[in-house]
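S.K.: My structure is in target-v8.cif, and what it holds is mmCIF, C-alpha atoms and all ligand atoms:
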data_my_file
loop_
_atom_site.label_atom_id
_atom_site.label_comp_id
_atom_site.auth_asym_id
_atom_site.auth_seq_id
_atom_site.Cartn_x
_atom_site.Cartn_y
_atom_site.Cartn_z
CA MET A 21 -118.45 23.24 -151.79
CA SER A 22 -118.13 25.89 -154.48
CA HIS A 23 -114.71 27.50 -154.85
CA LYS A 24 -113.85 31.04 -155.82
CA SER A 25 -110.43 32.58 -155.41
CA PHE A 26 -108.64 35.90 -155.30
CA SER A 27 -107.66 35.67 -158.94
CA THR A 28 -108.07 39.32 -159.88
CA VAL A 29 -104.98 41.23 -160.95
CA THR A 30 -105.01 44.93 -160.12
CA ASP A 31 -103.33 47.35 -162.48
CA PRO A 32 -100.22 48.90 -160.89
CA GLU A 33 -101.63 52.43 -161.13
CA THR A 34 -104.72 51.62 -159.05
CA ARG A 35 -102.52 49.80 -156.55
CA SER A 36 -100.14 52.74 -156.16
CA GLU A 37 -103.05 55.19 -155.82
CA LEU A 38 -104.48 53.25 -152.88
CA THR A 39 -101.03 52.76 -151.33
CA ALA A 40 -100.27 56.50 -151.62
CA LEU A 41 -103.65 57.37 -150.10
CA VAL A 42 -103.00 55.10 -147.11
CA GLN A 43 -99.39 56.28 -146.75
CA LYS A 44 -100.48 59.94 -146.58
CA TRP A 45 -103.27 59.09 -144.15
CA VAL A 46 -100.82 57.23 -141.89
CA GLU A 47 -98.44 60.21 -141.89
CA ARG A 48 -101.20 62.70 -141.18
CA GLU A 49 -103.53 60.81 -138.81
CA VAL A 50 -101.73 57.78 -137.38
CA LEU A 51 -98.13 58.75 -136.60
CA PRO A 52 -99.06 61.68 -134.32
CA VAL A 53 -101.28 59.52 -132.08
CA ALA A 54 -100.07 55.91 -132.40
CA SER A 55 -97.70 55.72 -129.42
CA ALA A 56 -100.09 57.50 -127.04
CA LEU A 57 -103.00 55.22 -127.99
CA GLU A 58 -100.77 52.16 -127.78
CA HIS A 59 -99.39 53.05 -124.36
CA ALA A 60 -102.94 53.68 -123.10
CA ASP A 61 -104.10 50.41 -124.74
CA GLU A 62 -106.92 52.46 -126.22
CA TYR A 63 -109.00 51.26 -129.15
CA PRO A 64 -108.42 53.63 -132.11
CA GLU A 65 -112.11 54.31 -132.75
CA ALA A 66 -111.60 57.43 -134.91
CA LEU A 67 -108.87 55.80 -137.02
CA VAL A 68 -110.99 52.70 -137.60
CA GLU A 69 -113.87 54.90 -138.80
CA GLN A 70 -111.51 56.52 -141.32
CA MET A 71 -110.27 53.06 -142.41
CA LYS A 72 -113.90 52.16 -143.12
CA GLU A 73 -114.31 55.30 -145.26
CA MET A 74 -111.22 54.38 -147.29
CA GLY A 75 -112.74 50.97 -148.06
CA LEU A 76 -110.03 49.07 -146.16
CA PHE A 77 -112.52 46.51 -144.81
CA GLY A 78 -113.17 45.21 -148.30
CA ILE A 79 -109.82 45.52 -150.11
CA THR A 80 -109.86 42.02 -151.62
CA VAL A 81 -113.62 41.43 -151.63
CA PRO A 82 -115.06 41.35 -155.18
CA GLU A 83 -116.81 44.50 -156.38
CA GLU A 84 -120.11 42.62 -156.84
CA TYR A 85 -120.35 42.55 -153.03
CA GLY A 86 -119.31 46.20 -152.68
CA GLY A 87 -115.59 45.56 -152.01
CA LEU A 88 -112.65 47.24 -153.75
CA GLY A 89 -112.00 43.97 -155.65
CA LEU A 90 -108.21 44.42 -155.51
CA ASP A 91 -105.53 41.74 -155.52
CA LEU A 92 -103.31 40.44 -152.74
CA LEU A 93 -100.40 42.63 -153.85
CA SER A 94 -102.58 45.67 -153.20
CA TYR A 95 -103.61 44.18 -149.85
CA ILE A 96 -100.01 43.66 -148.68
CA ALA A 97 -99.01 47.14 -149.85
CA VAL A 98 -101.75 48.59 -147.61
CA ILE A 99 -100.79 46.31 -144.72
CA GLU A 100 -97.15 47.42 -144.97
CA GLU A 101 -98.19 51.09 -144.80
CA LEU A 102 -100.50 50.54 -141.83
CA ALA A 103 -97.89 48.52 -139.93
CA ALA A 104 -95.17 51.09 -140.63
CA GLY A 105 -97.42 53.55 -138.78
CA TRP A 106 -98.85 51.28 -136.09
CA MET A 107 -98.92 47.50 -136.37
CA SER A 108 -102.19 47.13 -134.45
CA LEU A 109 -104.08 48.78 -137.32
CA SER A 110 -103.10 45.94 -139.64
CA GLY A 111 -104.51 43.54 -137.01
CA VAL A 112 -107.86 45.34 -137.12
CA ILE A 113 -108.39 44.11 -140.69
CA ASN A 114 -106.36 40.86 -140.85
CA THR A 115 -108.73 38.22 -139.45
CA HIS A 116 -111.61 40.25 -140.94
CA HIS A 117 -110.10 39.61 -144.38
CA ILE A 118 -109.48 35.94 -143.57
CA ALA A 119 -113.17 35.55 -142.64
CA ALA A 120 -114.25 37.43 -145.80
CA GLY A 121 -111.86 35.32 -147.87
CA LEU A 122 -113.36 32.12 -146.45
CA LEU A 123 -116.80 33.33 -147.55
CA VAL A 124 -115.58 34.27 -151.02
CA ALA A 125 -113.77 30.95 -151.49
CA HIS A 126 -116.13 28.52 -149.78
CA GLY A 127 -119.38 30.26 -148.81
CA THR A 128 -122.77 29.56 -150.34
CA ASP A 129 -124.29 32.25 -152.56
CA GLU A 130 -126.69 33.15 -149.74
CA GLN A 131 -123.84 33.47 -147.22
CA ARG A 132 -121.85 35.68 -149.56
CA SER A 133 -124.72 37.97 -150.46
CA SER A 134 -125.99 38.27 -146.93
CA LEU A 135 -122.65 38.80 -145.12
CA LEU A 136 -120.09 40.32 -147.50
CA PRO A 137 -121.92 43.61 -148.24
CA ARG A 138 -122.05 44.31 -144.49
CA MET A 139 -118.41 43.31 -144.02
CA VAL A 140 -116.94 45.53 -146.74
CA THR A 141 -118.26 48.68 -145.07
CA GLY A 142 -116.89 47.58 -141.69
CA GLU A 143 -120.44 47.64 -140.28
CA MET A 144 -119.96 43.91 -139.58
CA ARG A 145 -116.45 43.14 -138.37
CA GLY A 146 -115.09 39.62 -138.89
CA CYS A 147 -112.69 37.58 -136.79
CA LEU A 148 -111.16 34.09 -136.85
CA SER A 149 -111.48 31.71 -133.94
CA LEU A 150 -109.38 28.59 -134.40
CA SER A 151 -107.07 28.51 -131.35
CA GLU A 152 -108.03 27.16 -127.95
CA PRO A 153 -106.27 27.15 -124.56
CA ASP A 154 -105.03 23.61 -125.30
CA ALA A 155 -104.79 23.79 -129.07
CA GLY A 156 -102.68 26.46 -130.76
CA SER A 157 -100.11 24.83 -133.05
CA ASP A 158 -101.94 21.52 -132.67
CA THR A 159 -105.10 22.65 -134.47
CA ARG A 160 -106.37 19.10 -134.94
CA ASN A 161 -106.72 18.88 -131.16
CA ILE A 162 -109.52 21.43 -130.80
CA SER A 163 -112.25 20.39 -128.39
CA CYS A 164 -115.00 23.00 -128.97
CA ARG A 165 -118.00 20.92 -130.09
CA ALA A 166 -121.01 21.59 -132.29
CA VAL A 167 -123.83 19.06 -132.01
CA ARG A 168 -126.66 18.97 -134.56
CA ASP A 169 -130.13 19.42 -133.09
CA GLY A 170 -132.80 19.59 -135.80
CA ASP A 171 -132.20 22.70 -137.90
CA GLU A 172 -129.61 24.02 -135.47
CA TYR A 173 -126.17 23.28 -134.03
CA VAL A 174 -125.43 23.65 -130.32
CA ILE A 175 -121.89 24.93 -129.71
CA THR A 176 -119.98 24.38 -126.46
CA GLY A 177 -116.35 25.10 -125.67
CA THR A 178 -113.69 27.70 -124.93
CA LYS A 179 -111.75 29.51 -127.65
CA ALA A 180 -108.56 31.45 -126.93
CA TRP A 181 -106.71 34.34 -128.57
CA VAL A 182 -109.62 35.75 -130.55
CA THR A 183 -108.31 39.02 -131.96
CA ASN A 184 -111.20 41.44 -132.63
CA GLY A 185 -113.50 38.90 -130.91
CA GLU A 186 -115.41 41.38 -128.79
CA ARG A 187 -116.06 43.95 -131.51
CA ALA A 188 -116.76 41.36 -134.19
CA GLY A 189 -120.24 40.77 -135.59
CA LEU A 190 -119.12 37.58 -137.33
CA VAL A 191 -116.89 34.81 -135.99
CA ALA A 192 -115.34 32.28 -138.38
CA LEU A 193 -115.35 29.53 -135.76
CA ALA A 194 -113.68 26.10 -135.93
CA ALA A 195 -115.67 23.49 -134.00
CA ARG A 196 -115.66 19.72 -133.89
CA THR A 197 -118.68 17.97 -135.42
CA GLU A 198 -119.27 14.22 -135.90
CA GLU A 199 -117.82 14.47 -139.42
CA GLY A 200 -114.62 16.32 -138.39
CA ILE A 201 -113.76 19.99 -137.92
CA THR A 202 -116.38 22.34 -139.36
CA CYS A 203 -116.17 26.09 -139.88
CA PHE A 204 -119.24 28.01 -138.67
CA MET A 205 -119.92 31.63 -139.61
CA VAL A 206 -121.37 32.69 -136.26
CA GLU A 207 -123.26 35.99 -136.30
CA LYS A 208 -123.42 37.95 -133.07
CA ASP A 209 -123.72 41.48 -131.78
CA PRO A 210 -120.50 43.24 -130.76
CA GLY A 211 -120.01 43.27 -126.98
CA VAL A 212 -119.02 41.00 -124.10
CA ALA A 213 -122.09 38.74 -124.23
CA TYR A 214 -124.46 37.49 -126.90
CA GLY A 215 -126.77 34.46 -126.58
CA GLY A 216 -124.62 31.65 -125.18
CA ILE A 217 -121.36 33.45 -126.07
CA ALA A 218 -119.39 35.35 -123.42
CA VAL A 219 -116.02 37.10 -123.53
CA SER A 220 -114.38 35.49 -120.50
CA LYS A 221 -111.03 37.26 -120.56
CA ASN A 222 -109.34 40.22 -122.21
CA ILE A 223 -105.74 39.08 -122.69
CA GLY A 224 -103.00 41.56 -121.68
CA LYS A 225 -100.20 41.80 -124.25
CA LEU A 226 -96.57 42.94 -124.54
CA GLY A 227 -97.34 44.83 -127.75
CA TYR A 228 -100.09 44.74 -130.37
CA ARG A 229 -102.11 46.84 -127.96
CA GLY A 230 -105.16 49.02 -128.61
CA LEU A 231 -107.16 46.17 -130.10
CA GLU A 232 -108.61 43.31 -128.15
CA THR A 233 -107.46 39.70 -128.09
CA VAL A 234 -109.92 37.73 -125.98
CA GLU A 235 -110.95 34.35 -124.66
CA MET A 236 -114.55 33.40 -125.52
CA VAL A 237 -116.77 30.78 -123.93
CA TYR A 238 -119.61 29.12 -125.85
CA ASP A 239 -122.18 27.69 -123.46
CA ALA A 240 -124.69 25.70 -125.54
CA HIS A 241 -124.87 28.58 -128.02
CA ARG A 242 -127.33 27.81 -130.83
CA VAL A 243 -126.74 28.68 -134.48
CA PRO A 244 -128.86 27.75 -137.50
CA ALA A 245 -127.51 24.84 -139.60
CA SER A 246 -127.19 27.38 -142.43
CA ALA A 247 -124.25 28.92 -140.48
CA VAL A 248 -121.96 26.10 -141.66
CA LEU A 249 -119.47 27.61 -144.12
CA GLY A 250 -120.46 26.23 -147.52
CA GLY A 251 -123.74 24.78 -146.21
CA ASP A 252 -124.24 21.02 -145.72
CA GLU A 253 -121.40 20.31 -148.14
CA GLY A 254 -118.99 22.15 -145.85
CA VAL A 255 -119.61 19.96 -142.80
CA GLY A 256 -116.31 18.34 -141.73
CA LYS A 257 -114.27 20.37 -144.24
CA GLY A 258 -113.61 23.42 -142.07
CA LEU A 259 -109.98 22.81 -141.13
CA ALA A 260 -108.79 22.52 -144.74
CA ALA A 261 -110.65 25.73 -145.62
CA ILE A 262 -109.24 27.62 -142.61
CA LEU A 263 -105.68 26.40 -143.18
CA SER A 264 -105.89 27.61 -146.77
CA GLY A 265 -107.23 30.96 -145.48
CA LEU A 266 -104.33 31.14 -143.03
CA GLU A 267 -101.97 31.42 -146.00
CA VAL A 268 -103.39 34.89 -146.55
CA GLY A 269 -102.94 35.48 -142.80
CA ARG A 270 -99.27 34.47 -143.08
CA ILE A 271 -98.74 36.76 -146.04
CA ASN A 272 -100.40 39.50 -143.98
CA ILE A 273 -98.01 38.81 -141.07
CA ALA A 274 -95.05 38.96 -143.47
CA ALA A 275 -96.27 42.32 -144.83
CA ARG A 276 -96.76 43.65 -141.31
CA ALA A 277 -93.23 42.55 -140.44
CA VAL A 278 -91.96 44.42 -143.50
CA GLY A 279 -93.87 47.53 -142.33
CA VAL A 280 -92.45 47.44 -138.79
CA ALA A 281 -88.95 46.62 -140.11
CA ARG A 282 -89.13 49.50 -142.59
CA ALA A 283 -90.13 51.99 -139.90
CA ALA A 284 -87.26 50.80 -137.65
CA PHE A 285 -84.76 50.85 -140.53
CA GLU A 286 -85.75 54.31 -141.79
CA ALA A 287 -85.56 55.80 -138.30
CA SER A 288 -82.11 54.22 -137.87
CA ILE A 289 -80.58 55.35 -141.15
CA LYS A 290 -81.71 58.92 -140.46
CA TYR A 291 -80.50 58.91 -136.87
CA ALA A 292 -77.13 57.41 -137.86
CA GLN A 293 -76.47 60.48 -140.02
CA GLN A 294 -77.68 63.00 -137.40
CA ARG A 295 -76.01 61.65 -134.27
CA HIS A 296 -72.34 62.49 -133.89
CA THR A 297 -69.78 60.77 -131.66
CA PHE A 298 -66.00 61.15 -131.68
CA GLY A 299 -66.32 64.01 -134.15
CA GLN A 300 -68.30 62.20 -136.85
CA PRO A 301 -71.78 60.89 -137.61
CA ILE A 302 -72.21 57.41 -136.12
CA ALA A 303 -72.96 56.15 -139.68
CA ALA A 304 -69.26 56.76 -140.39
CA HIS A 305 -68.29 54.14 -137.80
CA GLN A 306 -68.00 50.87 -139.67
CA ALA A 307 -69.76 48.95 -136.88
CA ILE A 308 -72.90 51.05 -137.43
CA ALA A 309 -72.61 51.20 -141.24
CA HIS A 310 -72.49 47.40 -141.40
CA LYS A 311 -75.59 47.16 -139.24
CA LEU A 312 -77.39 49.47 -141.70
CA ALA A 313 -76.22 47.31 -144.61
CA ASP A 314 -77.54 44.13 -142.98
CA MET A 315 -80.84 45.77 -142.02
CA GLY A 316 -81.41 47.16 -145.53
CA THR A 317 -80.60 43.78 -147.08
CA GLN A 318 -82.92 41.88 -144.74
CA LEU A 319 -85.71 44.37 -145.36
CA GLN A 320 -85.38 44.11 -149.14
CA ALA A 321 -85.32 40.30 -149.05
CA ALA A 322 -88.33 40.21 -146.73
CA ARG A 323 -90.35 42.45 -149.05
CA LEU A 324 -89.46 40.44 -152.15
CA LEU A 325 -90.39 37.11 -150.49
CA THR A 326 -93.69 38.64 -149.33
CA GLU A 327 -94.56 40.00 -152.77
CA HIS A 328 -93.62 36.68 -154.37
CA ALA A 329 -95.91 34.75 -152.02
CA ALA A 330 -98.79 37.18 -152.62
CA ARG A 331 -98.37 36.99 -156.40
CA LEU A 332 -98.22 33.18 -156.37
CA ARG A 333 -101.29 32.88 -154.15
CA ALA A 334 -103.21 35.32 -156.39
CA GLU A 335 -102.23 33.45 -159.54
CA THR A 336 -102.56 29.84 -158.39
CA GLY A 337 -104.84 29.94 -155.33
CA ARG A 338 -102.20 28.24 -153.13
CA ALA A 339 -98.77 29.25 -151.84
CA GLU A 340 -98.23 27.13 -148.75
CA VAL A 341 -94.44 26.92 -148.92
CA GLU A 342 -93.90 30.48 -150.17
CA ALA A 343 -96.30 32.04 -147.64
CA GLY A 344 -94.46 30.12 -144.89
CA MET A 345 -91.07 31.28 -146.21
CA ALA A 346 -92.21 34.91 -146.36
CA LYS A 347 -93.70 34.79 -142.87
CA LEU A 348 -90.65 33.03 -141.41
CA PHE A 349 -88.04 35.28 -142.98
CA ALA A 350 -89.87 38.60 -142.65
CA SER A 351 -90.80 38.07 -139.00
CA GLU A 352 -87.25 37.09 -137.99
CA ALA A 353 -85.94 40.07 -139.99
CA ALA A 354 -88.37 42.42 -138.20
CA LEU A 355 -87.25 41.12 -134.82
CA ASP A 356 -83.56 41.58 -135.74
CA ILE A 357 -84.09 45.00 -137.29
CA ALA A 358 -86.16 46.28 -134.35
CA THR A 359 -83.37 45.16 -131.99
CA GLU A 360 -80.58 46.65 -134.10
CA ALA A 361 -82.56 49.91 -134.41
CA MET A 362 -82.55 50.14 -130.64
CA ARG A 363 -78.78 49.60 -130.49
CA ILE A 364 -78.22 52.30 -133.13
CA HIS A 365 -80.36 54.78 -131.18
CA GLY A 366 -78.45 54.15 -127.95
CA GLY A 367 -80.22 55.41 -124.80
CA VAL A 368 -82.99 57.33 -126.58
CA GLY A 369 -84.07 54.11 -128.29
CA TYR A 370 -85.02 52.74 -124.89
CA THR A 371 -87.27 55.67 -124.00
CA THR A 372 -90.99 56.08 -124.60
CA ASP A 373 -90.27 59.34 -126.44
CA LEU A 374 -89.55 57.44 -129.65
CA PRO A 375 -91.52 54.59 -131.30
CA LEU A 376 -88.46 52.29 -131.31
CA GLU A 377 -89.58 50.62 -128.07
CA ARG A 378 -92.99 49.95 -129.70
CA TYR A 379 -91.41 48.27 -132.73
CA PHE A 380 -89.32 46.21 -130.30
CA ARG A 381 -92.46 45.06 -128.44
CA ASP A 382 -94.60 44.57 -131.57
CA ALA A 383 -92.07 42.54 -133.57
CA PRO A 384 -92.15 39.29 -131.51
CA LEU A 385 -95.84 38.74 -132.25
CA MET A 386 -94.93 38.00 -135.86
CA ILE A 387 -92.73 35.03 -134.90
CA ILE A 388 -95.73 33.49 -133.06
CA GLY A 389 -99.01 34.53 -134.72
CA GLU A 390 -100.60 32.62 -137.65
CA GLY A 391 -98.45 29.59 -136.82
CA THR A 392 -95.17 29.86 -134.95
CA ASN A 393 -91.92 29.94 -136.89
CA GLU A 394 -91.12 26.42 -135.64
CA ILE A 395 -94.36 25.29 -137.32
CA GLN A 396 -93.52 27.34 -140.46
CA ARG A 397 -90.24 25.44 -140.79
CA THR A 398 -92.12 22.14 -140.57
CA VAL A 399 -94.63 23.28 -143.21
CA ILE A 400 -91.87 24.57 -145.50
CA ALA A 401 -89.76 21.41 -145.14
CA ARG A 402 -92.76 19.14 -145.79
CA GLY A 403 -93.65 21.11 -148.94
CA LEU A 404 -90.06 21.18 -150.22
CA LEU A 405 -89.56 17.46 -149.60
CA LYS A 406 -92.72 16.75 -151.58
CA ARG A 407 -91.57 19.05 -154.37
CA TYR A 408 -88.09 17.54 -154.54
CA ALA A 409 -89.03 13.92 -153.74
CA ILE A 410 -86.62 11.41 -155.26
CA GLU A 411 -87.73 8.07 -156.59
CA GLU A 412 -86.23 5.13 -154.74
C1 LIG B 501 -101.55 38.37 -129.76
C2 LIG B 501 -102.05 37.12 -130.37
C3 LIG B 501 -103.16 37.15 -131.20
C4 LIG B 501 -103.70 35.97 -131.70
N1 LIG B 501 -104.84 36.03 -132.48
C5 LIG B 501 -105.43 34.87 -132.88
C6 LIG B 501 -106.69 34.90 -133.57
O1 LIG B 501 -107.22 35.98 -133.88
N2 LIG B 501 -107.30 33.73 -133.85
C7 LIG B 501 -106.74 32.52 -133.54
O2 LIG B 501 -107.35 31.49 -133.83
N3 LIG B 501 -105.53 32.46 -132.90
C8 LIG B 501 -104.88 33.60 -132.57
N4 LIG B 501 -103.66 33.55 -131.90
C9 LIG B 501 -103.12 32.25 -131.52
C10 LIG B 501 -101.83 31.87 -132.23
O3 LIG B 501 -102.12 31.45 -133.53
C11 LIG B 501 -101.16 30.78 -131.38
O4 LIG B 501 -100.69 31.40 -130.19
C12 LIG B 501 -100.03 30.10 -132.10
O5 LIG B 501 -100.50 29.32 -133.17
C13 LIG B 501 -99.21 29.20 -131.15
O6 LIG B 501 -100.04 28.36 -130.41
P1 LIG B 501 -99.83 28.25 -128.81
O7 LIG B 501 -99.80 29.62 -128.27
O8 LIG B 501 -100.85 27.31 -128.29
O9 LIG B 501 -98.39 27.62 -128.63
P2 LIG B 501 -98.05 26.06 -128.58
O10 LIG B 501 -98.70 25.36 -129.72
O11 LIG B 501 -98.32 25.56 -127.21
O12 LIG B 501 -96.48 26.09 -128.81
C14 LIG B 501 -95.53 26.36 -127.77
C15 LIG B 501 -94.13 26.23 -128.36
O13 LIG B 501 -93.93 24.88 -128.84
C16 LIG B 501 -93.58 24.90 -130.21
N5 LIG B 501 -94.19 23.76 -130.90
C17 LIG B 501 -95.46 23.29 -130.78
N6 LIG B 501 -95.64 22.21 -131.54
C18 LIG B 501 -94.47 22.00 -132.20
C19 LIG B 501 -94.02 21.05 -133.16
N7 LIG B 501 -94.82 20.12 -133.65
N8 LIG B 501 -92.74 21.13 -133.58
C20 LIG B 501 -91.89 22.10 -133.11
N9 LIG B 501 -92.26 23.03 -132.21
C21 LIG B 501 -93.53 22.98 -131.77
C22 LIG B 501 -94.15 26.22 -130.75
O14 LIG B 501 -93.49 26.64 -131.93
C23 LIG B 501 -93.90 27.15 -129.56
O15 LIG B 501 -92.55 27.55 -129.59
C24 LIG B 501 -103.08 34.72 -131.41
C25 LIG B 501 -101.93 34.70 -130.61
C26 LIG B 501 -101.42 35.87 -130.08
C27 LIG B 501 -100.21 35.81 -129.19
#
Translate this file's structure into structure tokens.
Ligand SMILES: Cc1cc2nc3c(=O)[nH]c(=O)nc-3n(C[C@H](O)[C@H](O)[C@H](O)COP(=O)(O)OP(=O)(O)OC[C@H]3O[C@@H](n4cnc5c(N)ncnc54)[C@H](O)[C@@H]3O)c2cc1C

M.R.:
Amino acid sequence: MSHKSFSTVTDPETRSELTALVQKWVEREVLPVASALEHADEYPEALVEQMKEMGLFGITVPEEYGGLGLDLLSYIAVIEELAAGWMSLSGVINTHHIAAGLLVAHGTDEQRSSLLPRMVTGEMRGCLSLSEPDAGSDTRNISCRAVRDGDEYVITGTKAWVTNGERAGLVALAARTEEGITCFMVEKDPGVAYGGIAVSKNIGKLGYRGLETVEMVYDAHRVPASAVLGGDEGVGKGLAAILSGLEVGRINIAARAVGVARAAFEASIKYAQQRHTFGQPIAAHQAIAHKLADMGTQLQAARLLTEHAARLRAETGRAEVEAGMAKLFASEAALDIATEAMRIHGGVGYTTDLPLERYFRDAPLMIIGEGTNEIQRTVIARGLLKRYAIEE
């Protein structure tokens, strides 16, 4: 299997230009409509079209395939801006980038040149399908099977929690083959049915609404043998490739958490100066001021951990422990900050007039998605124990 990595380093000026462009777009186009679309659970078609025009479907894809060819620090800066406006928008491109990253790192030349140019424009949307109804944390327990039949594989099984699954044109699918878990790049048309693939359920969610998370059934669906990520060499090596790709997913979750936490913090620090009780702004009450201090500190620490993980992954190709730390800390911080923001806003924080209730519903996803925080702690501890192993 040939290996390429996100080793490019973007100059800070280019990075800030893209971040500023996205920030302005979020202010102008996203903030006015986010809560209404989210409450209606409506897919943000017009916003996604504009994201395509800005090149956001190919941020980290090398320029030779038509992508922006930027580094992970640029990617997380964009994710933070999107999530500060509406977290679901960061979900529209997260598993897409994981699928594209798998192709860049492990795909054959033919796979890269045939799929990536369509992905970077957003014409072909990517998604990741690892989880199953009985295998979420326990990824080694997946039961979806792919059986070789001449020049094809026949895929049978049920996959759960496929974000973007219905609208995707490419599924990075984990399936069990004789040699172990293999990653297939399954091409399909967007929609509820294609060949032997059917969307069997659209999962209702507490937050993270407006984009679909679905269950998909594969009923003897046939794909060419050339759909194996990395070709014949990639057979049986899919789980390792996907788990490495999930590091980028975890860094994405951390950046989203920073975005949601920032929005909640900024709303709170403004409100605390505007709202008066007992003859003074509530920020003058020490109980509220200390909350703001803790929130600001958590937010800063979360951002620094996230940037550190992104930099390390870009420079070395792996950041298992650091991506886990960033995801763990930033997601818990976002949950705390979203809750504290609601306390600071009092009764109005609980209404649908303000986006505080949306941050409060969106934040818990980050403690679960891309590996729960219980699993992150296990991954972090295992990595640290290896790093600090003593000789006996
Ligand atoms: C909105 C949403 C979108 C998602 N999108 C995708 C997607 O696009 N693609 C995809 O493949 N998956 C996706 N997922 C799936 C997600 O990755 C899993 O839900 C997650 O990994 C947890 O798996 P589970 O739900 O099966 O929980 P379980 O694995 O059943 O865990 C239940 C509880 O037990 C704990 N637990 C389990 N094992 C251990 C252990 N060894 N030690 C300590 N505690 C443990 C967990 O931390 C958790 O608290 C999505 C999930 C959600 C909610």

S.K.: Determine the nearest neighbour of Glu207 (chain A) from the options A:Asn272, A:Thr80, A:Ser246, A:Ser151, counting all atoms listed in the file.

M.R.: A:Ser246

S.K.: Give me, please, the distance in Å between CA of Ala343 (chain A) and CA of Glu327 (chain A), quoted to one decimal.

M.R.: 9.6 Å

S.K.: How would you report the residues lying within 6 Å of ligand LIG 501 (chain B), as a PyMOL selection string, if you count all atoms listed in the file?

M.R.: chain A and resi 148-151+155-158+181-183+233+388-392+394-395

S.K.: Would you output that residue set with C-alpha atoms, as a PDB file, keeping the file's coordinate frame?

M.R.:
ATOM      1  CA  LEU A 148    -111.160  34.090-136.850  1.00  0.00           C
ATOM      2  CA  SER A 149    -111.480  31.710-133.940  1.00  0.00           C
ATOM      3  CA  LEU A 150    -109.380  28.590-134.400  1.00  0.00           C
ATOM      4  CA  SER A 151    -107.070  28.510-131.350  1.00  0.00           C
ATOM      5  CA  ALA A 155    -104.790  23.790-129.070  1.00  0.00           C
ATOM      6  CA  GLY A 156    -102.680  26.460-130.760  1.00  0.00           C
ATOM      7  CA  SER A 157    -100.110  24.830-133.050  1.00  0.00           C
ATOM      8  CA  ASP A 158    -101.940  21.520-132.670  1.00  0.00           C
ATOM      9  CA  TRP A 181    -106.710  34.340-128.570  1.00  0.00           C
ATOM     10  CA  VAL A 182    -109.620  35.750-130.550  1.00  0.00           C
ATOM     11  CA  THR A 183    -108.310  39.020-131.960  1.00  0.00           C
ATOM     12  CA  THR A 233    -107.460  39.700-128.090  1.00  0.00           C
ATOM     13  CA  ILE A 388     -95.730  33.490-133.060  1.00  0.00           C
ATOM     14  CA  GLY A 389     -99.010  34.530-134.720  1.00  0.00           C
ATOM     15  CA  GLU A 390    -100.600  32.620-137.650  1.00  0.00           C
ATOM     16  CA  GLY A 391     -98.450  29.590-136.820  1.00  0.00           C
ATOM     17  CA  THR A 392     -95.170  29.860-134.950  1.00  0.00           C
ATOM     18  CA  GLU A 394     -91.120  26.420-135.640  1.00  0.00           C
ATOM     19  CA  ILE A 395     -94.360  25.290-137.320  1.00  0.00           C
TER      20      ILE A 395
END

S.K.: With 6 Å of padding per side, what axis-aligned box (centre and edge lengths, Å, one decimal) covers all the listed atoms of region 100-118 of chain A? Give it as lines of an AutoDock Vina configuration file.

M.R.:
center_x = -103.4
center_y = 44.7
center_z = -139.7
size_x = 28.4
size_y = 29.6
size_z = 22.5

S.K.: List as a PyMOL selection string: which residues have an atom within 10 Å of (-118.7, 31.0, -125.8), counting all atoms listed in the file?

M.R.: chain A and resi 164+175-179+213-220+235-241

S.K.: What's the separation between CA of Pro137 (chain A) and CA of Gly86 (chain A), in Å to one decimal place?

M.R.: 5.8 Å

S.K.: What's the 9 Å shell around region 349-364 of chain A, counting all atoms listed in the file, without same-chain residues fewer than 4 positions away, as a PyMOL selection string?

M.R.: chain A and resi 273-285+287-289+291-292+302+308+311-312+314-316+318-319+321-323+325-326+344-345+368-370+376-377+379-388+393

S.K.: Please, what distance in Å, to one decimal, runs between CA of Tyr85 (chain A) and CA of Glu49 (chain A)?

M.R.: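 Going from CA of Tyr85 (chain A) over to CA of Glu49 (chain A) covers 28.6 Å.
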
S.K.: Tell me which of A:Gly111, A:Gly185, A:Gly337, A:Gly256 sits closest to Glu198 (chain A), counting all atoms listed in the file.

M.R.: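 Of the candidates, the smallest distance to Glu198 (chain A) is held by A:Gly256.
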
S.K.: From the options A:Leu38, A:Val399, A:Ala334, A:Leu122, which residue's atoms come nearest to Met74 (chain A), counting only C-alpha atoms?

M.R.: A:Leu38

S.K.: Between A:Val248, A:Ile223, A:Leu136, A:Leu109, which has the minimum distance to Phe204 (chain A) (counting all atoms listed in the file)?

M.R.: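 Among the listed residues, the smallest separation from Phe204 (chain A) belongs to A:Val248.
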
S.K.: Hey, can you pull every residue with an atom no more than 7 Å from (-112.7, 44.6, -135.5), using only C-alpha atoms, and send it as an mmCIF file with C-alpha atoms, in the frame of the given file?

M.R.:
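Result went into point22.cif, see below:
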data_model
loop_
_atom_site.group_PDB
_atom_site.id
_atom_site.type_symbol
_atom_site.label_atom_id
_atom_site.label_comp_id
_atom_site.auth_asym_id
_atom_site.auth_seq_id
_atom_site.Cartn_x
_atom_site.Cartn_y
_atom_site.Cartn_z
ATOM 1 C CA VAL A 112 -107.860 45.340 -137.120
ATOM 2 C CA ILE A 113 -108.390 44.110 -140.690
ATOM 3 C CA ARG A 145 -116.450 43.140 -138.370
ATOM 4 C CA GLY A 146 -115.090 39.620 -138.890
ATOM 5 C CA ASN A 184 -111.200 41.440 -132.630
ATOM 6 C CA ARG A 187 -116.060 43.950 -131.510
ATOM 7 C CA ALA A 188 -116.760 41.360 -134.190
#
